[in-house]
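Okay, so here's the structure we're looking at.
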Amino acid sequence: MFNNSVFFSVLLTLIAFEIGTWIRNKTKLVIASPLLLATAIVISVLLILKIDYDTYSLGAAYISYLLTPATVCLAVPLYEKLELLKNNLLAVVLSVSIGIALGLLSIFGLSLLFKLEYEHYATLLPKSITTAIGLDLSKELGGIPNITAAVIAITGIFGNLCAGLVMKLFRITDPIAQGLGIGTAAHAMGTVKAIEMGKTQGAMSSLALVVAGIVTVLLSPVFAKFF
């Protein structure tokens, strides 16, 4: 069957994303995120054709290989705003570090509230960093990498969809603050939205996701010991 071919997963993923992009361009709706729509399309096709995730994952892995270099490419807008970074370096590091610390603290509090097991707690700790870092961190902490991947994706999609609304709601108009907030909370997927908002927002968000990854790797083992 064609669905057993490793190329089927790649083709399905690319077509689903193209359909999602087409719908977004046609409707102009914030909720019509290409990533969200593509995810729904892929899940629907897998269910209809009764293809298990492991089979799909074998082919989709070829696309996953591009995740790390794609993340590295986000350094381009950062390079273009290098002088801006130098002038705001301390503010960037402090704001992102505080944001990550509060995020980890909220996960700790909610895990206690809902009486989660340690394995689930460790799975959630890397939720706000890019998948390339989050999966390895989850595994090292004793979490479940597959669930971590899903949580990271949900966090990114939610951040991408809600970034504009949050900025308007809290009247955050400074481009630097917007970019840092989005990159800290919603990693690479949020950065895509930040780039759409402007070059400064994109550059700051790119920087924030890098700093957020480093800070999360440093703080997560500490928070893991609290549970």
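Ligands are numbered from 1 in the order shown, chains are lettered A, B, ... in the order of the structure tokens, and residues start at 1 in each chain.
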
| Can you list, as number ranges by chain, every protein, DNA or RNA residue that comes within 8 Å of Leu161 in chain A when you count only C-alpha atoms, leaving out same-chain residues fewer than 5 positions away? | A: 30-31, 33

Could you save the residues just selected, with N, CA and C atoms, as an mmCIF file, in the first residue's frame?
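Below you can see out11.cif, which holds the result:
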data_model
loop_
_atom_site.group_PDB
_atom_site.id
_atom_site.type_symbol
_atom_site.label_atom_id
_atom_site.label_comp_id
_atom_site.auth_asym_id
_atom_site.auth_seq_id
_atom_site.Cartn_x
_atom_site.Cartn_y
_atom_site.Cartn_z
ATOM 1 N N VAL A 30 -7.414 34.662 12.166
ATOM 2 C CA VAL A 30 -6.292 34.399 13.067
ATOM 3 C C VAL A 30 -6.236 32.935 13.456
ATOM 4 N N ILE A 31 -7.389 32.341 13.662
ATOM 5 C CA ILE A 31 -7.450 30.949 14.112
ATOM 6 C C ILE A 31 -7.071 29.969 13.007
ATOM 7 N N SER A 33 -4.568 28.985 11.501
ATOM 8 C CA SER A 33 -3.119 28.800 11.456
ATOM 9 C C SER A 33 -2.786 27.623 10.552
#

| message | Give me the residues near range 188-203 of chain A as an NGL selection string, where near means some atom within 7 Å (using only C-alpha atoms) and where sequence neighbours in that chain fewer than 6 positions away do not count. | response | :A and (71 or 77-78 or 81 or 130 or 156-157 or 159-160 or 175-176 or 178-179 or 182 or 209)

Can I get the selection written as a compact mmCIF listing (two decimals), in the first residue's frame, with N, CA and C atoms?
# COMPACT_ATOMS: atom_id res chain seq x y z
N THR A 71 15.60 26.18 12.70
CA THR A 71 15.69 26.99 13.91
C THR A 71 16.90 27.90 13.87
N PRO A 77 17.30 37.27 11.15
CA PRO A 77 16.76 38.57 11.58
C PRO A 77 17.48 39.13 12.80
N LEU A 78 18.01 38.23 13.63
CA LEU A 78 18.76 38.68 14.80
C LEU A 78 20.05 39.38 14.36
N LYS A 81 19.62 42.89 13.29
CA LYS A 81 19.36 43.85 14.38
C LYS A 81 20.41 43.70 15.49
N THR A 130 12.08 25.28 21.96
CA THR A 130 11.97 24.62 20.67
C THR A 130 12.15 23.11 20.79
N GLY A 156 3.32 26.34 21.14
CA GLY A 156 3.70 27.20 20.01
C GLY A 156 2.51 27.66 19.21
N ILE A 157 1.58 26.74 18.92
CA ILE A 157 0.39 27.09 18.14
C ILE A 157 -0.46 28.11 18.89
N GLY A 159 0.51 30.19 21.22
CA GLY A 159 1.23 31.46 21.25
C GLY A 159 1.14 32.18 19.92
N ASN A 160 1.25 31.43 18.83
CA ASN A 160 1.15 32.01 17.49
C ASN A 160 -0.22 32.63 17.27
N PRO A 175 8.17 47.28 20.24
CA PRO A 175 8.56 46.12 19.42
C PRO A 175 9.51 45.16 20.14
N ILE A 176 10.42 45.70 20.94
CA ILE A 176 11.37 44.85 21.66
C ILE A 176 10.63 43.99 22.69
N GLN A 178 7.48 43.18 22.68
CA GLN A 178 6.62 42.23 21.98
C GLN A 178 7.41 41.00 21.55
N GLY A 179 8.55 41.23 20.93
CA GLY A 179 9.37 40.12 20.45
C GLY A 179 9.88 39.23 21.57
N ILE A 182 6.95 37.10 23.06
CA ILE A 182 6.51 36.04 22.16
C ILE A 182 7.54 34.92 22.10
N LEU A 209 14.09 33.04 22.08
CA LEU A 209 13.94 31.58 22.07
C LEU A 209 15.28 30.88 22.32

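Restricting the calculation to only C-alpha atoms, the smallest distance between Gly142 in chain A and any of A:Ala101, A:Ile48, A:Ala208, A:Leu124 is found for A:Leu124.
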
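Using only C-alpha atoms, the shortest contact distance between Ala150 in chain A and any of A:Thr173, A:Leu112, A:Ser205, A:Thr39 is found at A:Thr39.
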
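Using only C-alpha atoms for every distance, the candidate list A:Ile23, A:Asp54, A:Leu66, A:Ser128 yields A:Ser128 as the residue closest to Gly99 in chain A.
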
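One distance worth recording is that between CA of Phe223 in chain A and CA of Phe108 in chain A, which is 7.6 Å.
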
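Going from CA of Ala91 in chain A to CA of Pro69 in chain A covers 27.4 Å.
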
| task | Give me, please, the distance in Å between CA of Leu36 in chain A and CA of Phe17 in chain A, quoted to one decimal. | result | 8.9 Å

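Closest approach to Glu80 in chain A among A:Ile154, A:Met204, A:Leu12, A:Ala40: A:Met204, based on only C-alpha atoms.
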
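Closest approach to Asp52 in chain A from the set A:Ser9, A:Thr131, A:Tyr118, A:Ile147 is made by A:Ser9, with distances taken over only C-alpha atoms.
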
| query | Looking only at the backbone, which of the residues in range 15-216 of chain A does DSSP tag as alpha helix (DSSP H), as number ranges by chain? | reply | A: 15-27, 34-49, 53-64, 67-72, 75-80, 82-87, 89-113, 118-124, 131-141, 145-169, 175-197, 199-216

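Comparing the minimum interatomic distances between Leu219 in chain A and each of A:Ile98, A:Thr21, A:Thr55, A:Phe114, counting only C-alpha atoms, we find that A:Ile98 sits nearest.
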
| query | Counting only C-alpha atoms, what is within 10 Å of Ala122 in chain A, bar same-chain residues fewer than 5 positions away, as JSON, numbers by chain? | reply | {"A": [107, 108, 111, 116, 117, 127, 137, 138, 139, 140, 141, 142, 143, 144, 145, 148, 220, 221, 223, 224, 227]}

Preceding selection exported with N, CA and C atoms as a PDB file, in the first residue's frame:
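again-v6.pdb was written with the following content:
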ATOM      1  N   ILE A 107       4.343  25.588  36.214  1.00  0.00           N
ATOM      2  CA  ILE A 107       4.222  24.152  35.948  1.00  0.00           C
ATOM      3  C   ILE A 107       4.331  23.370  37.257  1.00  0.00           C
ATOM      4  N   PHE A 108       5.257  23.788  38.105  1.00  0.00           N
ATOM      5  CA  PHE A 108       5.434  23.140  39.406  1.00  0.00           C
ATOM      6  C   PHE A 108       4.157  23.256  40.243  1.00  0.00           C
ATOM      7  N   SER A 111       1.259  21.222  38.710  1.00  0.00           N
ATOM      8  CA  SER A 111       1.501  19.779  38.859  1.00  0.00           C
ATOM      9  C   SER A 111       1.142  19.320  40.268  1.00  0.00           C
ATOM     10  N   LEU A 116      -0.017  15.499  39.718  1.00  0.00           N
ATOM     11  CA  LEU A 116       0.624  14.766  38.639  1.00  0.00           C
ATOM     12  C   LEU A 116       1.788  13.944  39.168  1.00  0.00           C
ATOM     13  N   GLU A 117       2.128  12.884  38.460  1.00  0.00           N
ATOM     14  CA  GLU A 117       3.301  12.094  38.811  1.00  0.00           C
ATOM     15  C   GLU A 117       4.547  12.812  38.304  1.00  0.00           C
ATOM     16  N   LYS A 127       8.140  22.803  27.939  1.00  0.00           N
ATOM     17  CA  LYS A 127       7.044  23.141  27.026  1.00  0.00           C
ATOM     18  C   LYS A 127       7.267  24.425  26.227  1.00  0.00           C
ATOM     19  N   LEU A 137      15.877  17.278  26.486  1.00  0.00           N
ATOM     20  CA  LEU A 137      15.777  17.674  27.892  1.00  0.00           C
ATOM     21  C   LEU A 137      14.737  16.832  28.618  1.00  0.00           C
ATOM     22  N   SER A 138      13.605  16.598  27.969  1.00  0.00           N
ATOM     23  CA  SER A 138      12.549  15.778  28.557  1.00  0.00           C
ATOM     24  C   SER A 138      13.062  14.372  28.861  1.00  0.00           C
ATOM     25  N   LYS A 139      13.773  13.789  27.919  1.00  0.00           N
ATOM     26  CA  LYS A 139      14.319  12.444  28.099  1.00  0.00           C
ATOM     27  C   LYS A 139      15.321  12.411  29.247  1.00  0.00           C
ATOM     28  N   GLU A 140      16.164  13.439  29.329  1.00  0.00           N
ATOM     29  CA  GLU A 140      17.187  13.500  30.376  1.00  0.00           C
ATOM     30  C   GLU A 140      16.559  13.643  31.761  1.00  0.00           C
ATOM     31  N   LEU A 141      15.447  14.366  31.843  1.00  0.00           N
ATOM     32  CA  LEU A 141      14.785  14.592  33.128  1.00  0.00           C
ATOM     33  C   LEU A 141      13.916  13.416  33.558  1.00  0.00           C
ATOM     34  N   GLY A 142      13.666  12.484  32.631  1.00  0.00           N
ATOM     35  CA  GLY A 142      12.815  11.349  32.967  1.00  0.00           C
ATOM     36  C   GLY A 142      11.380  11.527  32.530  1.00  0.00           C
ATOM     37  N   GLY A 143      11.163  12.434  31.576  1.00  0.00           N
ATOM     38  CA  GLY A 143       9.815  12.662  31.065  1.00  0.00           C
ATOM     39  C   GLY A 143       9.497  11.758  29.890  1.00  0.00           C
ATOM     40  N   ILE A 144       8.418  12.076  29.185  1.00  0.00           N
ATOM     41  CA  ILE A 144       7.985  11.297  28.029  1.00  0.00           C
ATOM     42  C   ILE A 144       8.146  12.179  26.790  1.00  0.00           C
ATOM     43  N   PRO A 145       9.215  11.998  26.012  1.00  0.00           N
ATOM     44  CA  PRO A 145       9.511  12.878  24.878  1.00  0.00           C
ATOM     45  C   PRO A 145       8.377  13.036  23.873  1.00  0.00           C
ATOM     46  N   THR A 148       6.006  15.396  25.288  1.00  0.00           N
ATOM     47  CA  THR A 148       6.656  16.706  25.310  1.00  0.00           C
ATOM     48  C   THR A 148       6.555  17.377  23.948  1.00  0.00           C
ATOM     49  N   SER A 220      15.687  23.758  34.599  1.00  0.00           N
ATOM     50  CA  SER A 220      14.788  22.597  34.687  1.00  0.00           C
ATOM     51  C   SER A 220      15.289  21.511  35.650  1.00  0.00           C
ATOM     52  N   PRO A 221      16.584  21.148  35.622  1.00  0.00           N
ATOM     53  CA  PRO A 221      17.062  20.142  36.588  1.00  0.00           C
ATOM     54  C   PRO A 221      16.869  20.603  38.037  1.00  0.00           C
ATOM     55  N   PHE A 223      14.405  22.666  39.135  1.00  0.00           N
ATOM     56  CA  PHE A 223      12.983  22.549  39.425  1.00  0.00           C
ATOM     57  C   PHE A 223      12.556  21.079  39.530  1.00  0.00           C
ATOM     58  N   ALA A 224      13.228  20.214  38.778  1.00  0.00           N
ATOM     59  CA  ALA A 224      12.895  18.795  38.809  1.00  0.00           C
ATOM     60  C   ALA A 224      13.132  18.205  40.202  1.00  0.00           C
ATOM     61  N   PHE A 227      10.220  18.511  43.010  1.00  0.00           N
ATOM     62  CA  PHE A 227       8.987  17.728  42.959  1.00  0.00           C
ATOM     63  C   PHE A 227       9.139  16.399  43.716  1.00  0.00           C
TER      64      PHE A 227
END
